[in-house]
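So the structure is just underneath, and the comments pick up after that.
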Amino acid sequence: MTFKLTDISLNKPDESTKEAVKSAEKRKKSADESIEEAWERILAMKNSDKDTERLLEVKAAMEAGEIGREPVQEGKRQGKFSKAEALRLYKVLSDKRRDDVLRKMVEDTPDNYWLITDKAKLDEFLSILSEEEIIVFDVETTGPDIWKDYLVGHVITAVEADIHAYIPTKHNVDQPQLNHGYVIEKLRPIYENEAVKKIAHNAKYDIHILANEGIDVRGAVWDTLEAMRMLNENEPTFALKPLVSKYLRIPSLSYGDLFGKKGFHEVDLDVALAYAAKDGDVTLKLYEFQRKHLAKMPEVLRYYETVEIPLIKVIVDMERLGYDIDLEYADQYGKELKAKIDRLHAEIVEGLGDINLNSPTQLKPAIEKAIGRTIENTDAKKTLKPLAREFPIIKTLLEYREVMKLYSTYINALPELINEKTGKLHTVFNQNGAKTGRMSSGGGGVNLQNQPQEARRLFVAPPGYVILGGDWSQQEYRALTYFSQEPRLIENYEQGNDLYATVASEVFDKPIEECGDGSVYRQQAKTIMLAVAYGTGARTLAMQLGKSQEEARKFLKSFDERFPVVAKWIEQNREFVQRNGFVWMDKKQRKRRLPDARNRDSDFWYTSVYTQSTNAIIQGSSAIQTKATMVELDKLCKRKTAEGNGEWRLWCVVHDEALLLVPETITEQDIRDFEDVMLNTYKFGNIPNKCDIEIQRRWGESITVEEFLSGKPIPEL
DNA sequence: ATTGAGAGCCAC
DNA sequence: AAACGTGGCTCTCAAT
């Protein structure tokens, strides 16, 4: 097609006249445009996917007579039907549907849903509860924030009696309710009674909220959220409603669908009853469903009940304790970093131009221009590092990145996250945040598990206390050794040798003396071990070691030859997951389901599920060791506190590292007791555990036990 | 203003 | 030919 300049001359008088005529016709037409024509016109417009979806929904609802057009304002005639009106109607439609659902919920409220708003009814319910061995509990609140939101009502299910009660106390509605404190005191004996077994969905939240009311929940024996993670860690969501819809086939709309952003305290009591009591009802049904299925995996059930369940309260306590932040240190360090950032920024901008250095999209072309060649991305490790030697500006940029990350994510950010109420920094631990069973940490605030050394320095013990920390030495490789039963590795650990030196000596065929601390062989063996555990290929390993792929391949091959039993175990895992679609963690206490392993194209000789199968066993089993030990550490803390020489608390756990907050007057015996729990709570069969213990006031600024016992003072803040 | 995806990078 | 496991947060940038 040819293109003539004249084709785009816009201001030809004849054309504009035509347009004017056309639009006049259009106006005339629109006055008597039929609704069908209007829809055709609107739907032909450039609409986003979401708008199209909404428009079609409105169209269908209008055609079904569910809604009509907006009312005409007095004295005006109805204008033409516009996209804007259609989208306004969408909101009208959603609100109407929501109201319909809520009305229906109220109408259909079962007789065994009890709304308790007077003392007599509460007493009647309490007398029913006194006969119950197990109950469901759930708190309704103003929102999800355990520090800002507060309790507005209690849901309790009397299981045997089959009654689901809602006891509102703080709804902002014009309906009578029982006094908040009165209900707390009436329910306290139940909540705090160990003998009254309790079921909840996401019990950690309810326990937190009740703790805010001064109630110490005891006897929690089942959490339907954590149980579901045992049954299927791949579930897309662990929210109650979707699980109930999916597994019990009870249609359940989410809180947001029903109430939007409204807090539960704004909900009328009849609606509140229908919604809240149903939570107790379906949680109970989900519990029964889960029990039936977990019974088929007795080791998983036992692990769940003896480790995961007690762990909930251990985590609650840890989250509530929080962290003291050295603000003075943070401020001073932050200023230093900021000055450095400014200096580096100025230097880089001189070479690259005045761009946003934090924007990869702006950075990439600027770098390409500056160095005169194209780059794939601005990834520090993969792309920029190899260029740093040749181009000083890249080196400076990498330095900028590093300092910027430290400043913006950690040093400058942490003080901002301090909780106003407690004056401390709090994290949220997700008990099974990783599909392997590891915990994760964060929850909109601080992630305790990825603090770099520099940032750990901001975390300090309160006056009079010290941080007693222990980390399992080579936790995952000990697990690997146990599972594979590789004789050379077992021997290494039985004799208390240095693993990396042993591996280096074998892989590089060097005398052990040349593979000790500080040797390049030992360092490389460390990387190779990691590659084995993570399933890293030769290409990546080559990059990490700064060697050719050829050499990296040789190293991996050499490892397989020298530690053939490990290689065989990895191969077994591959076969197992291919056959079964899952792997077992230690003692069948937990599964990692990798269903993709079963329906793979046979042409693929590698898929990530195979590396995952081995890694999941190692990582997941290590997590079991950590969690089982956490439960015992909590008991140790309670025992020590009871001795009366000051309070002991579990402070933080980072995968293979456990830190306690203990009185600064601790004794050698105290430390030995701590070590004993770390070493002996959970063992991988015949492999001995090893634990390195350190004492500190500032996280990471520690002295060893030996130093401590020989009288070396713990560094002051 | 809020949200979500992608890039990038911190930890074990 | 294909190959690094598990997370979470900050920043940018585009979309709503």
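Just remember, in the structure tokens the first chain shown is A, the second B, etc., residues are 1-based per chain, and ligands are 1-based in the order shown.
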
Proximal residues of chain A relative to chain C (only C-alpha atoms (C1' of nucleotides); 10 Å) as a ChimeraX atom specification | /A:48,50,356,358-362,405,408-410,413,433-450,530-541,604-608,611-616,618-620

Residues of chain B within 12 Å of chain A, counting only C-alpha atoms (C1' of nucleotides) - could you list those as a PDB file with all heavy atoms, in the first residue's frame?
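Contents of iface_35.pdb, as written:
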ATOM      1  P    DG B   6       5.230 -11.418  35.087  1.00  0.00           P
ATOM      2  OP1  DG B   6       5.062 -11.898  33.700  1.00  0.00           O
ATOM      3  OP2  DG B   6       5.210 -12.368  36.225  1.00  0.00           O
ATOM      4  O5'  DG B   6       6.570 -10.577  35.164  1.00  0.00           O
ATOM      5  C5'  DG B   6       6.697  -9.393  34.370  1.00  0.00           C
ATOM      6  C4'  DG B   6       8.012  -8.725  34.685  1.00  0.00           C
ATOM      7  O4'  DG B   6       7.890  -7.974  35.924  1.00  0.00           O
ATOM      8  C3'  DG B   6       9.175  -9.706  34.884  1.00  0.00           C
ATOM      9  O3'  DG B   6      10.289  -9.203  34.146  1.00  0.00           O
ATOM     10  C2'  DG B   6       9.422  -9.697  36.385  1.00  0.00           C
ATOM     11  C1'  DG B   6       8.991  -8.278  36.763  1.00  0.00           C
ATOM     12  N9   DG B   6       8.548  -8.097  38.146  1.00  0.00           N
ATOM     13  C8   DG B   6       7.712  -8.918  38.872  1.00  0.00           C
ATOM     14  N7   DG B   6       7.485  -8.473  40.081  1.00  0.00           N
ATOM     15  C5   DG B   6       8.219  -7.299  40.159  1.00  0.00           C
ATOM     16  C6   DG B   6       8.368  -6.370  41.223  1.00  0.00           C
ATOM     17  O6   DG B   6       7.865  -6.408  42.353  1.00  0.00           O
ATOM     18  N1   DG B   6       9.196  -5.314  40.876  1.00  0.00           N
ATOM     19  C2   DG B   6       9.811  -5.170  39.661  1.00  0.00           C
ATOM     20  N2   DG B   6      10.579  -4.102  39.498  1.00  0.00           N
ATOM     21  N3   DG B   6       9.679  -6.020  38.652  1.00  0.00           N
ATOM     22  C4   DG B   6       8.876  -7.055  38.971  1.00  0.00           C
ATOM     23  P    DA B   7      11.638 -10.060  34.145  1.00  0.00           P
ATOM     24  OP1  DA B   7      12.143 -10.055  32.757  1.00  0.00           O
ATOM     25  OP2  DA B   7      11.469 -11.336  34.885  1.00  0.00           O
ATOM     26  O5'  DA B   7      12.559  -9.103  35.018  1.00  0.00           O
ATOM     27  C5'  DA B   7      12.651  -7.717  34.675  1.00  0.00           C
ATOM     28  C4'  DA B   7      13.592  -7.045  35.644  1.00  0.00           C
ATOM     29  O4'  DA B   7      12.926  -6.877  36.921  1.00  0.00           O
ATOM     30  C3'  DA B   7      14.874  -7.836  35.929  1.00  0.00           C
ATOM     31  O3'  DA B   7      15.958  -6.917  35.928  1.00  0.00           O
ATOM     32  C2'  DA B   7      14.623  -8.452  37.302  1.00  0.00           C
ATOM     33  C1'  DA B   7      13.749  -7.385  37.957  1.00  0.00           C
ATOM     34  N9   DA B   7      12.849  -7.876  39.005  1.00  0.00           N
ATOM     35  C8   DA B   7      12.047  -8.984  38.976  1.00  0.00           C
ATOM     36  N7   DA B   7      11.328  -9.152  40.069  1.00  0.00           N
ATOM     37  C5   DA B   7      11.686  -8.072  40.866  1.00  0.00           C
ATOM     38  C6   DA B   7      11.281  -7.672  42.149  1.00  0.00           C
ATOM     39  N6   DA B   7      10.390  -8.333  42.892  1.00  0.00           N
ATOM     40  N1   DA B   7      11.836  -6.551  42.658  1.00  0.00           N
ATOM     41  C2   DA B   7      12.733  -5.876  41.914  1.00  0.00           C
ATOM     42  N3   DA B   7      13.194  -6.156  40.693  1.00  0.00           N
ATOM     43  C4   DA B   7      12.621  -7.285  40.221  1.00  0.00           C
ATOM     44  P    DG B   8      17.426  -7.474  35.975  1.00  0.00           P
ATOM     45  OP1  DG B   8      18.232  -6.450  35.297  1.00  0.00           O
ATOM     46  OP2  DG B   8      17.492  -8.887  35.555  1.00  0.00           O
ATOM     47  O5'  DG B   8      17.734  -7.409  37.532  1.00  0.00           O
ATOM     48  C5'  DG B   8      17.659  -6.138  38.204  1.00  0.00           C
ATOM     49  C4'  DG B   8      17.795  -6.365  39.689  1.00  0.00           C
ATOM     50  O4'  DG B   8      16.556  -6.909  40.211  1.00  0.00           O
ATOM     51  C3'  DG B   8      18.898  -7.356  40.105  1.00  0.00           C
ATOM     52  O3'  DG B   8      19.868  -6.660  40.871  1.00  0.00           O
ATOM     53  C2'  DG B   8      18.175  -8.418  40.922  1.00  0.00           C
ATOM     54  C1'  DG B   8      16.908  -7.667  41.343  1.00  0.00           C
ATOM     55  N9   DG B   8      15.800  -8.531  41.716  1.00  0.00           N
ATOM     56  C8   DG B   8      15.300  -9.599  41.015  1.00  0.00           C
ATOM     57  N7   DG B   8      14.318 -10.209  41.627  1.00  0.00           N
ATOM     58  C5   DG B   8      14.163  -9.497  42.800  1.00  0.00           C
ATOM     59  C6   DG B   8      13.257  -9.680  43.882  1.00  0.00           C
ATOM     60  O6   DG B   8      12.388 -10.552  44.002  1.00  0.00           O
ATOM     61  N1   DG B   8      13.437  -8.725  44.881  1.00  0.00           N
ATOM     62  C2   DG B   8      14.371  -7.718  44.849  1.00  0.00           C
ATOM     63  N2   DG B   8      14.404  -6.898  45.889  1.00  0.00           N
ATOM     64  N3   DG B   8      15.223  -7.536  43.843  1.00  0.00           N
ATOM     65  C4   DG B   8      15.066  -8.454  42.869  1.00  0.00           C
ATOM     66  P    DC B   9      21.137  -7.397  41.423  1.00  0.00           P
ATOM     67  OP1  DC B   9      22.189  -6.381  41.510  1.00  0.00           O
ATOM     68  OP2  DC B   9      21.349  -8.665  40.699  1.00  0.00           O
ATOM     69  O5'  DC B   9      20.683  -7.768  42.910  1.00  0.00           O
ATOM     70  C5'  DC B   9      20.297  -6.730  43.801  1.00  0.00           C
ATOM     71  C4'  DC B   9      19.999  -7.340  45.158  1.00  0.00           C
ATOM     72  O4'  DC B   9      18.735  -8.037  45.100  1.00  0.00           O
ATOM     73  C3'  DC B   9      21.031  -8.398  45.595  1.00  0.00           C
ATOM     74  O3'  DC B   9      21.252  -8.267  46.983  1.00  0.00           O
ATOM     75  C2'  DC B   9      20.339  -9.713  45.287  1.00  0.00           C
ATOM     76  C1'  DC B   9      18.910  -9.325  45.653  1.00  0.00           C
ATOM     77  N1   DC B   9      17.854 -10.228  45.160  1.00  0.00           N
ATOM     78  C2   DC B   9      16.728 -10.436  45.956  1.00  0.00           C
ATOM     79  O2   DC B   9      16.635  -9.838  47.030  1.00  0.00           O
ATOM     80  N3   DC B   9      15.767 -11.292  45.537  1.00  0.00           N
ATOM     81  C4   DC B   9      15.897 -11.924  44.370  1.00  0.00           C
ATOM     82  N4   DC B   9      14.929 -12.747  43.998  1.00  0.00           N
ATOM     83  C5   DC B   9      17.039 -11.719  43.535  1.00  0.00           C
ATOM     84  C6   DC B   9      17.984 -10.867  43.966  1.00  0.00           C
ATOM     85  P    DC B  10      22.646  -8.632  47.626  1.00  0.00           P
ATOM     86  OP1  DC B  10      23.346  -7.379  47.878  1.00  0.00           O
ATOM     87  OP2  DC B  10      23.256  -9.688  46.789  1.00  0.00           O
ATOM     88  O5'  DC B  10      22.256  -9.304  49.004  1.00  0.00           O
ATOM     89  C5'  DC B  10      21.864  -8.494  50.110  1.00  0.00           C
ATOM     90  C4'  DC B  10      20.870  -9.236  50.968  1.00  0.00           C
ATOM     91  O4'  DC B  10      19.657  -9.434  50.216  1.00  0.00           O
ATOM     92  C3'  DC B  10      21.292 -10.659  51.354  1.00  0.00           C
ATOM     93  O3'  DC B  10      22.158 -10.640  52.468  1.00  0.00           O
ATOM     94  C2'  DC B  10      19.954 -11.259  51.712  1.00  0.00           C
ATOM     95  C1'  DC B  10      18.997 -10.602  50.719  1.00  0.00           C
ATOM     96  N1   DC B  10      18.646 -11.483  49.577  1.00  0.00           N
ATOM     97  C2   DC B  10      17.520 -12.294  49.696  1.00  0.00           C
ATOM     98  O2   DC B  10      16.863 -12.236  50.735  1.00  0.00           O
ATOM     99  N3   DC B  10      17.195 -13.108  48.678  1.00  0.00           N
ATOM    100  C4   DC B  10      17.934 -13.137  47.573  1.00  0.00           C
ATOM    101  N4   DC B  10      17.568 -13.948  46.590  1.00  0.00           N
ATOM    102  C5   DC B  10      19.097 -12.325  47.427  1.00  0.00           C
ATOM    103  C6   DC B  10      19.410 -11.517  48.447  1.00  0.00           C
ATOM    104  P    DA B  11      23.112 -11.871  52.726  1.00  0.00           P
ATOM    105  OP1  DA B  11      24.078 -11.458  53.761  1.00  0.00           O
ATOM    106  OP2  DA B  11      23.585 -12.387  51.433  1.00  0.00           O
ATOM    107  O5'  DA B  11      22.119 -12.966  53.340  1.00  0.00           O
ATOM    108  C5'  DA B  11      21.557 -12.753  54.635  1.00  0.00           C
ATOM    109  C4'  DA B  11      20.518 -13.831  54.915  1.00  0.00           C
ATOM    110  O4'  DA B  11      19.516 -13.809  53.886  1.00  0.00           O
ATOM    111  C3'  DA B  11      21.069 -15.246  54.893  1.00  0.00           C
ATOM    112  O3'  DA B  11      21.562 -15.571  56.183  1.00  0.00           O
ATOM    113  C2'  DA B  11      19.819 -16.062  54.576  1.00  0.00           C
ATOM    114  C1'  DA B  11      18.978 -15.115  53.731  1.00  0.00           C
ATOM    115  N9   DA B  11      18.977 -15.436  52.295  1.00  0.00           N
ATOM    116  C8   DA B  11      19.833 -14.998  51.324  1.00  0.00           C
ATOM    117  N7   DA B  11      19.556 -15.461  50.126  1.00  0.00           N
ATOM    118  C5   DA B  11      18.447 -16.264  50.330  1.00  0.00           C
ATOM    119  C6   DA B  11      17.670 -17.047  49.460  1.00  0.00           C
ATOM    120  N6   DA B  11      17.897 -17.154  48.148  1.00  0.00           N
ATOM    121  N1   DA B  11      16.631 -17.730  49.995  1.00  0.00           N
ATOM    122  C2   DA B  11      16.401 -17.626  51.303  1.00  0.00           C
ATOM    123  N3   DA B  11      17.055 -16.921  52.219  1.00  0.00           N
ATOM    124  C4   DA B  11      18.081 -16.251  51.657  1.00  0.00           C
ATOM    125  P    DC B  12      22.571 -16.771  56.366  1.00  0.00           P
ATOM    126  OP1  DC B  12      23.052 -16.717  57.756  1.00  0.00           O
ATOM    127  OP2  DC B  12      23.531 -16.758  55.242  1.00  0.00           O
ATOM    128  O5'  DC B  12      21.643 -18.058  56.191  1.00  0.00           O
ATOM    129  C5'  DC B  12      20.645 -18.340  57.169  1.00  0.00           C
ATOM    130  C4'  DC B  12      19.835 -19.530  56.704  1.00  0.00           C
ATOM    131  O4'  DC B  12      19.318 -19.266  55.378  1.00  0.00           O
ATOM    132  C3'  DC B  12      20.661 -20.808  56.598  1.00  0.00           C
ATOM    133  O3'  DC B  12      19.949 -21.878  57.204  1.00  0.00           O
ATOM    134  C2'  DC B  12      20.796 -21.061  55.112  1.00  0.00           C
ATOM    135  C1'  DC B  12      19.562 -20.387  54.544  1.00  0.00           C
ATOM    136  N1   DC B  12      19.769 -19.922  53.156  1.00  0.00           N
ATOM    137  C2   DC B  12      18.954 -20.441  52.142  1.00  0.00           C
ATOM    138  O2   DC B  12      18.062 -21.236  52.442  1.00  0.00           O
ATOM    139  N3   DC B  12      19.171 -20.059  50.868  1.00  0.00           N
ATOM    140  C4   DC B  12      20.139 -19.182  50.577  1.00  0.00           C
ATOM    141  N4   DC B  12      20.311 -18.842  49.313  1.00  0.00           N
ATOM    142  C5   DC B  12      20.977 -18.637  51.602  1.00  0.00           C
ATOM    143  C6   DC B  12      20.762 -19.031  52.868  1.00  0.00           C
TER     144       DC B  12
END

What's the 10 Å shell around Ser505 of chain A, counting only C-alpha atoms (C1' of nucleotides), without same-chain residues fewer than 2 positions away, as a VMD selection string?
-> chain A and resid 499 to 503 507 to 516 521 to 522 525

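Secondary structure of segment 331-473 of chain A, strand (DSSP E or B) only (DSSP, backbone atoms): Leu425, Val428, Phe429, Asn430, Ser440, Ser441, Gly442, Phe459, Val460, Tyr465, Val466, Ile467, Leu468, Gly469, Gly470, Asp471 and Trp472 of chain A.
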
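Compared by their closest atoms to Pro715 of chain A, and using only C-alpha atoms, the residues A:Val460, A:Ile671, A:Val577, A:Ile666 rank with A:Val460 nearest.
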
Which residues in segment 48-245 of chain A does DSSP call alpha helix (DSSP H)? List them as number ranges by chain.
-> A: 49-63, 83-107, 119-129, 180-191, 203-212, 224-231, 240-243

Straight-line distance linking atom CA of Val565 of chain A with atom CA of Ile687 of chain A, stated in Å to one decimal |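 Interatomic distance here is 15.9 Å.
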
Which polymer residues have any atom within 10 Å of an atom of Glu66 of chain A, counting only C-alpha atoms (C1' of nucleotides), with same-chain residues fewer than 6 positions away left out, as a ChimeraX atom specification?
-> /A:58-60,93,96-97

Writing out the chosen residues with all heavy atoms as a short mmCIF file (atom, residue, chain, number, x, y, z; two decimals), in the first residue's frame:
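Result written to part30.cif:
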data_model
loop_
_atom_site.label_atom_id
_atom_site.label_comp_id
_atom_site.auth_asym_id
_atom_site.auth_seq_id
_atom_site.Cartn_x
_atom_site.Cartn_y
_atom_site.Cartn_z
N VAL A 58 -23.50 -6.83 33.20
CA VAL A 58 -24.59 -5.86 33.33
C VAL A 58 -25.64 -6.11 32.24
O VAL A 58 -26.84 -6.12 32.49
CB VAL A 58 -24.06 -4.42 33.25
CG1 VAL A 58 -25.20 -3.42 33.21
CG2 VAL A 58 -23.15 -4.13 34.44
N LYS A 59 -25.16 -6.35 31.03
CA LYS A 59 -26.06 -6.59 29.89
C LYS A 59 -26.96 -7.78 30.19
O LYS A 59 -28.19 -7.72 30.05
CB LYS A 59 -25.22 -6.85 28.63
CG LYS A 59 -26.03 -7.01 27.36
CD LYS A 59 -25.11 -6.91 26.13
CE LYS A 59 -25.86 -7.09 24.83
NZ LYS A 59 -26.04 -8.51 24.46
N ALA A 60 -26.32 -8.86 30.65
CA ALA A 60 -27.09 -10.08 30.94
C ALA A 60 -28.11 -9.81 32.04
O ALA A 60 -29.26 -10.26 31.96
CB ALA A 60 -26.14 -11.20 31.36
N LEU A 93 -25.35 -3.46 40.57
CA LEU A 93 -25.64 -4.89 40.46
C LEU A 93 -24.90 -5.70 41.53
O LEU A 93 -25.49 -6.55 42.20
CB LEU A 93 -25.25 -5.38 39.06
CG LEU A 93 -25.43 -6.86 38.77
CD1 LEU A 93 -26.90 -7.25 38.81
CD2 LEU A 93 -24.83 -7.24 37.41
N LYS A 96 -26.41 -5.13 44.89
CA LYS A 96 -27.71 -5.78 44.98
C LYS A 96 -27.53 -7.28 45.22
O LYS A 96 -28.17 -7.87 46.09
CB LYS A 96 -28.49 -5.55 43.69
CG LYS A 96 -29.91 -6.11 43.70
CD LYS A 96 -30.63 -5.76 42.41
CE LYS A 96 -32.01 -6.36 42.34
NZ LYS A 96 -32.02 -7.83 42.45
N ARG A 97 -26.61 -7.85 44.44
CA ARG A 97 -26.38 -9.30 44.59
C ARG A 97 -25.85 -9.63 45.97
O ARG A 97 -26.24 -10.62 46.59
CB ARG A 97 -25.40 -9.78 43.52
CG ARG A 97 -26.05 -9.84 42.16
CD ARG A 97 -25.14 -10.46 41.14
NE ARG A 97 -25.85 -10.60 39.87
CZ ARG A 97 -25.26 -10.86 38.72
NH1 ARG A 97 -23.95 -11.01 38.68
NH2 ARG A 97 -25.95 -10.99 37.62
#

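Taking atom CA of Asp270 of chain A and atom CA of Leu178 of chain A as endpoints, the distance between them is 15.1 Å.
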
Work out how far atom CA of Met228 of chain A is from atom CA of Arg649 of chain A, in Å to one decimal.
-> 29.2 Å

Neighbour list for Val159 of chain A as an MDAnalysis selection string, cut-off 12 Å, only C-alpha atoms (C1' of nucleotides), skip fewer than 2 positions in-chain = chainID A and resid 112 128:137 156:157 161:165 196:199 280:285 287:288
